[in-house]
>>> print(open('protein_37.cif').read())   # mmCIF, C-alpha atoms and all ligand atoms
data_work
loop_
_atom_site.label_atom_id
_atom_site.label_comp_id
_atom_site.auth_asym_id
_atom_site.auth_seq_id
_atom_site.Cartn_x
_atom_site.Cartn_y
_atom_site.Cartn_z
CA MET A 1 -23.48 -21.43 40.51
CA ASP A 2 -24.47 -24.56 38.60
CA GLU A 3 -25.51 -24.38 34.99
CA PHE A 4 -26.86 -21.18 33.53
CA GLY A 5 -29.25 -20.48 30.70
CA LEU A 6 -30.43 -17.40 28.85
CA ARG A 7 -33.92 -16.27 28.04
CA LYS A 8 -35.84 -13.17 27.11
CA ALA A 9 -36.80 -11.04 30.11
CA VAL A 10 -40.44 -11.20 31.18
CA GLU A 11 -42.51 -8.88 33.32
CA SER A 12 -41.94 -10.88 36.51
CA ASP A 13 -38.14 -10.36 36.17
CA LEU A 14 -38.50 -6.62 36.71
CA GLN A 15 -37.56 -6.48 40.41
CA GLU A 16 -34.53 -8.74 39.93
CA ILE A 17 -33.29 -6.71 36.95
CA ILE A 18 -33.64 -3.54 39.03
CA ARG A 19 -31.67 -5.27 41.82
CA LEU A 20 -28.90 -6.34 39.42
CA TRP A 21 -28.78 -2.90 37.81
CA THR A 22 -28.61 -0.89 41.04
CA GLN A 23 -26.17 -3.28 42.79
CA ASN A 24 -23.71 -3.55 39.91
CA ILE A 25 -23.90 -0.43 37.76
CA LYS A 26 -22.88 3.01 39.03
CA THR A 27 -25.98 4.87 38.02
CA ILE A 28 -28.41 7.52 39.07
CA ASN A 29 -31.28 5.71 37.38
CA THR A 30 -34.18 5.16 39.75
CA ALA A 31 -36.14 1.92 39.82
CA SER A 32 -38.86 3.61 37.79
CA ASP A 33 -36.33 4.84 35.15
CA ILE A 34 -35.11 1.25 34.82
CA ALA A 35 -38.66 -0.07 34.57
CA ASP A 36 -39.34 2.49 31.79
CA PHE A 37 -36.22 1.33 29.91
CA ILE A 38 -37.42 -2.24 30.08
CA TYR A 39 -40.99 -1.50 29.00
CA SER A 40 -39.88 0.69 26.09
CA SER A 41 -37.32 -1.83 24.75
CA ARG A 42 -38.61 -5.16 25.97
CA ASP A 43 -37.53 -7.08 22.83
CA TYR A 44 -33.92 -6.30 23.72
CA PHE A 45 -33.76 -7.37 27.36
CA PHE A 46 -32.36 -10.80 28.18
CA VAL A 47 -31.57 -12.48 31.48
CA ALA A 48 -29.15 -15.18 32.57
CA VAL A 49 -30.56 -17.65 35.08
CA SER A 50 -28.80 -20.27 37.10
CA THR A 51 -30.79 -23.39 37.71
CA LEU A 52 -30.42 -25.23 40.95
CA ALA A 53 -32.15 -28.59 40.63
CA THR A 54 -33.25 -30.30 43.84
CA LEU A 55 -35.36 -33.42 44.20
CA ALA A 56 -38.42 -31.28 44.87
CA SER A 57 -38.07 -28.58 42.24
CA THR A 58 -35.85 -26.57 39.95
CA ASP A 59 -35.24 -23.10 41.33
CA GLU A 60 -34.29 -20.31 38.96
CA LYS A 61 -32.13 -17.40 40.10
CA LEU A 62 -31.38 -14.36 37.98
CA ILE A 63 -27.61 -13.84 37.87
CA GLY A 64 -27.28 -11.35 35.03
CA PHE A 65 -29.05 -9.26 32.44
CA VAL A 66 -28.39 -7.24 29.34
CA GLY A 67 -30.62 -4.47 28.09
CA GLY A 68 -30.50 -2.92 24.65
CA ALA A 69 -32.39 -0.33 22.67
CA ILE A 70 -32.49 1.15 19.19
CA ARG A 71 -30.75 4.47 19.06
CA ARG A 72 -30.47 6.60 15.90
CA GLY A 73 -30.84 3.59 13.61
CA HIS A 74 -28.42 1.24 15.32
CA GLY A 75 -28.37 -1.18 18.24
CA HIS A 76 -27.30 0.18 21.61
CA ILE A 77 -26.35 -1.58 24.84
CA SER A 78 -28.00 0.33 27.68
CA GLY A 79 -26.78 -1.86 30.53
CA ILE A 80 -25.23 -5.21 31.35
CA ALA A 81 -24.41 -6.73 34.74
CA VAL A 82 -23.58 -10.10 36.23
CA ASP A 83 -23.72 -10.84 39.96
CA LYS A 84 -20.24 -10.61 41.49
CA GLU A 85 -20.03 -14.25 42.52
CA CYS A 86 -20.91 -15.43 39.00
CA ARG A 87 -18.40 -13.35 37.02
CA ARG A 88 -15.60 -14.64 34.74
CA ARG A 89 -17.70 -17.65 33.66
CA GLU A 90 -18.74 -16.26 30.29
CA VAL A 91 -22.20 -15.18 31.45
CA GLY A 92 -21.57 -11.62 30.23
CA GLU A 93 -20.19 -12.89 26.93
CA GLU A 94 -23.27 -15.07 26.28
CA LEU A 95 -25.60 -12.17 27.16
CA ILE A 96 -23.85 -9.87 24.67
CA LYS A 97 -24.02 -12.57 21.98
CA VAL A 98 -27.77 -13.10 22.36
CA LEU A 99 -28.44 -9.35 22.19
CA GLU A 100 -26.21 -8.93 19.11
CA HIS A 101 -28.05 -11.83 17.48
CA LYS A 102 -31.36 -10.07 18.11
CA PHE A 103 -30.04 -6.82 16.60
CA ARG A 104 -28.76 -8.71 13.54
CA THR A 105 -32.09 -10.50 13.13
CA ASN A 106 -33.73 -7.07 13.02
CA ALA A 107 -31.24 -5.92 10.34
CA PHE A 108 -29.11 -3.63 12.50
CA GLU A 109 -25.44 -3.69 11.53
CA THR A 110 -23.76 -1.62 14.24
CA VAL A 111 -23.91 -1.75 18.03
CA THR A 112 -22.72 1.09 20.29
CA LEU A 113 -22.40 1.59 24.03
CA GLU A 114 -21.00 4.05 26.56
CA VAL A 115 -18.73 3.15 29.41
CA ARG A 116 -17.32 5.26 32.25
CA LYS A 117 -13.69 6.18 31.68
CA SER A 118 -12.85 4.68 35.08
CA ASN A 119 -14.51 1.30 34.37
CA ARG A 120 -11.39 -0.51 33.14
CA SER A 121 -12.76 -4.01 33.67
CA ALA A 122 -15.85 -3.28 31.55
CA MET A 123 -13.58 -1.84 28.82
CA GLN A 124 -11.51 -5.02 28.79
CA PHE A 125 -14.70 -7.04 28.68
CA TYR A 126 -16.13 -5.07 25.72
CA GLU A 127 -12.82 -5.15 23.85
CA LYS A 128 -12.76 -8.94 24.25
CA GLN A 129 -16.18 -8.97 22.55
CA GLY A 130 -14.79 -7.02 19.58
CA TYR A 131 -15.90 -3.49 20.51
CA LYS A 132 -13.55 -0.67 19.46
CA PRO A 133 -13.16 2.62 21.35
CA SER A 134 -14.59 5.35 19.16
CA TYR A 135 -14.74 8.76 20.91
CA ILE A 136 -15.11 10.43 24.32
CA VAL A 137 -18.16 12.36 25.51
CA LYS A 138 -17.00 14.86 28.13
CA GLY A 139 -19.13 14.96 31.30
CA TYR A 140 -21.62 12.41 29.93
CA TYR A 141 -22.60 11.03 33.34
CA ALA A 142 -24.63 13.00 35.90
CA ASP A 143 -21.66 13.08 38.29
CA GLY A 144 -19.51 14.68 35.56
CA GLU A 145 -17.48 11.61 34.56
CA ASP A 146 -16.59 11.26 30.86
CA ALA A 147 -17.91 8.37 28.77
CA LEU A 148 -15.96 6.41 26.23
CA VAL A 149 -18.18 5.36 23.31
CA TYR A 150 -17.50 1.95 21.82
CA ALA A 151 -18.82 0.53 18.55
CA LYS A 152 -18.87 -2.82 16.77
CA LYS A 153 -20.00 -3.90 13.29
CA ILE A 154 -21.99 -7.09 13.73
C1 LIG B 201 -18.72 -6.43 32.70
C2 LIG B 201 -19.40 -7.72 33.22
C3 LIG B 201 -20.87 -7.72 32.76
C4 LIG B 201 -18.67 -8.94 32.61
O1 LIG B 201 -19.40 -10.11 32.95
P1 LIG B 201 -18.67 -11.54 33.12
O2 LIG B 201 -19.74 -12.58 33.08
O3 LIG B 201 -17.78 -11.54 34.30
O4 LIG B 201 -17.76 -11.60 31.79
P2 LIG B 201 -17.20 -12.89 31.04
O5 LIG B 201 -16.88 -13.98 32.01
O6 LIG B 201 -18.13 -13.22 29.91
O7 LIG B 201 -15.83 -12.28 30.47
C5 LIG B 201 -15.39 -12.51 29.17
C6 LIG B 201 -14.03 -11.87 29.00
O8 LIG B 201 -14.11 -10.44 29.22
C7 LIG B 201 -12.90 -9.99 29.88
N1 LIG B 201 -13.21 -9.56 31.27
C8 LIG B 201 -14.36 -9.76 31.95
N2 LIG B 201 -14.28 -9.21 33.19
C9 LIG B 201 -13.04 -8.69 33.28
C10 LIG B 201 -12.34 -8.02 34.34
N3 LIG B 201 -12.93 -7.78 35.53
N4 LIG B 201 -11.08 -7.61 34.10
C11 LIG B 201 -10.47 -7.84 32.91
N5 LIG B 201 -11.08 -8.49 31.86
C12 LIG B 201 -12.35 -8.90 32.06
C13 LIG B 201 -11.98 -11.20 29.94
O9 LIG B 201 -11.21 -11.20 28.75
C14 LIG B 201 -12.97 -12.36 29.98
O10 LIG B 201 -12.42 -13.56 29.51
P3 LIG B 201 -11.55 -14.49 30.53
O11 LIG B 201 -12.35 -14.63 31.80
O12 LIG B 201 -11.40 -15.77 29.76
O13 LIG B 201 -10.25 -13.75 30.74
C15 LIG B 201 -19.31 -7.82 34.77
O14 LIG B 201 -17.95 -7.64 35.16
C16 LIG B 201 -20.14 -6.79 35.53
O15 LIG B 201 -21.31 -7.03 35.81
N6 LIG B 201 -19.56 -5.64 35.88
C17 LIG B 201 -20.26 -4.60 36.65
C18 LIG B 201 -21.27 -3.86 35.81
C19 LIG B 201 -20.62 -3.10 34.67
O16 LIG B 201 -19.58 -2.49 34.83
N7 LIG B 201 -21.29 -3.14 33.49
C20 LIG B 201 -20.77 -2.49 32.31
C21 LIG B 201 -21.12 -1.05 32.26
S1 LIG B 201 -22.86 -0.83 31.95
#
>>> encode(input="protein_37.cif", output="structure tokens", more="lines below")
Ligand SMILES: CC(C)(COP(=O)(O)OP(=O)(O)OC[C@H]1O[C@@H](n2cnc3c(N)ncnc32)[C@H](O)[C@@H]1OP(=O)(O)O)[C@@H](O)C(=O)NCCC(=O)NCCS
Amino acid sequence: MDEFGLRKAVESDLQEIIRLWTQNIKTINTASDIADFIYSSRDYFFVAVSTLATLASTDEKLIGFVGGAIRRGHGHISGIAVDKECRRREVGEELIKVLEHKFRTNAFETVTLEVRKSNRSAMQFYEKQGYKPSYIVKGYYADGEDALVYAKKI
């Protein structure tokens, strides 16, 4: 990976976001569920792109995304993923920051998210970003796994 940049997701990113989501997040969401998420909350979807400049052109590759939504009057992180080979280079951190900035701009003061109880690396990631564990929702996921709900005042 060379440099990376962030931008708002656009319609032509849809297939790549679906790829990132299904490859990296343990989910039962179908491609059409994910597309619905994106269309219903398009202001809150951002992508990270790596730019590989050659003499002939500059090729963009999607390496991560974050998707948010408004839920019960606060910001919510619906999904975040970074391609395996691009992790631990602050791509995830920058994606969270840009989404939080968007929520703040729209006057939301709290952000929440759910994470699988088994997803220790994601928990460490969210805690590094200042999220605090709040409560457990038993059997939240379709396969019966519990979710831990995190929250952050922004
Ligand atoms: C969670 C995820 C988005 C993090 O993306 P990332 O770009 O690798 O994260 P960053 O490089 O910005 O990490 C920032 C900090 O978070 C913490 N962190 C990130 N990944 C971690 C891991 N696997 N284990 C422990 N801590 C981790 C570290 O403190 C890290 O800082 P450091 O590298 O200086 O130690 C990425 O691991 C991922 O796509 N996971 C699979 C999908 C997923 O589980 N999504 C969340 C549930 S929806």
>>> residues_near_ligand(input="protein_37.cif", ligand="ligand LIG 201 (chain B)", cutoff="9 Å", atoms="all atoms listed in the file", output="PyMOL selection string")
chain A and resi 20-21+23-27+64-66+77-96+113-116+119-129
>>> residues_around(input="protein_37.cif", residues="range 44-47 of chain A", least_positions_apart="5", cutoff="8 Å", atoms="all atoms listed in the file", output="count of residues only")
17
>>> residues_near_point(input="protein_37.cif", point="(-13.7, 8.3, 21.8)", cutoff="12 Å", atoms="only C-alpha atoms", output="JSON, numbers by chain")
{"A": [112, 113, 114, 115, 116, 117, 132, 133, 134, 135, 136, 137, 138, 146, 147, 148, 149, 150, 151]}
>>> closest_residue(input="protein_37.cif", among="A:His76, A:Asp36, A:Thr22, A:Asp59", to="Phe108 in chain A", atoms="only C-alpha atoms")
A:His76
>>> axis_aligned_box(input="protein_37.cif", around="range 74-86 of chain A", padding_each_side="8 Å", output="lines of an AutoDock Vina configuration file")
center_x = -24.2
center_y = -7.1
center_z = 28.9
size_x = 24.4
size_y = 32.7
size_z = 43.2
>>> atom_distance(input="protein_37.cif", atom1="CA of Ile70 in chain A", atom2="CA of Phe4 in chain A")
27.1 Å
>>> atom_distance(input="protein_37.cif", atom1="CA of Ser41 in chain A", atom2="CA of Ile17 in chain A")
13.7 Å
>>> closest_residue(input="protein_37.cif", among="A:Glu11, A:Glu16, A:Asp43, A:Gly139", to="Ala31 in chain A", atoms="only C-alpha atoms")
A:Glu16
>>> atom_distance(input="protein_37.cif", atom1="CA of Asn29 in chain A", atom2="CA of Val49 in chain A")
23.5 Å
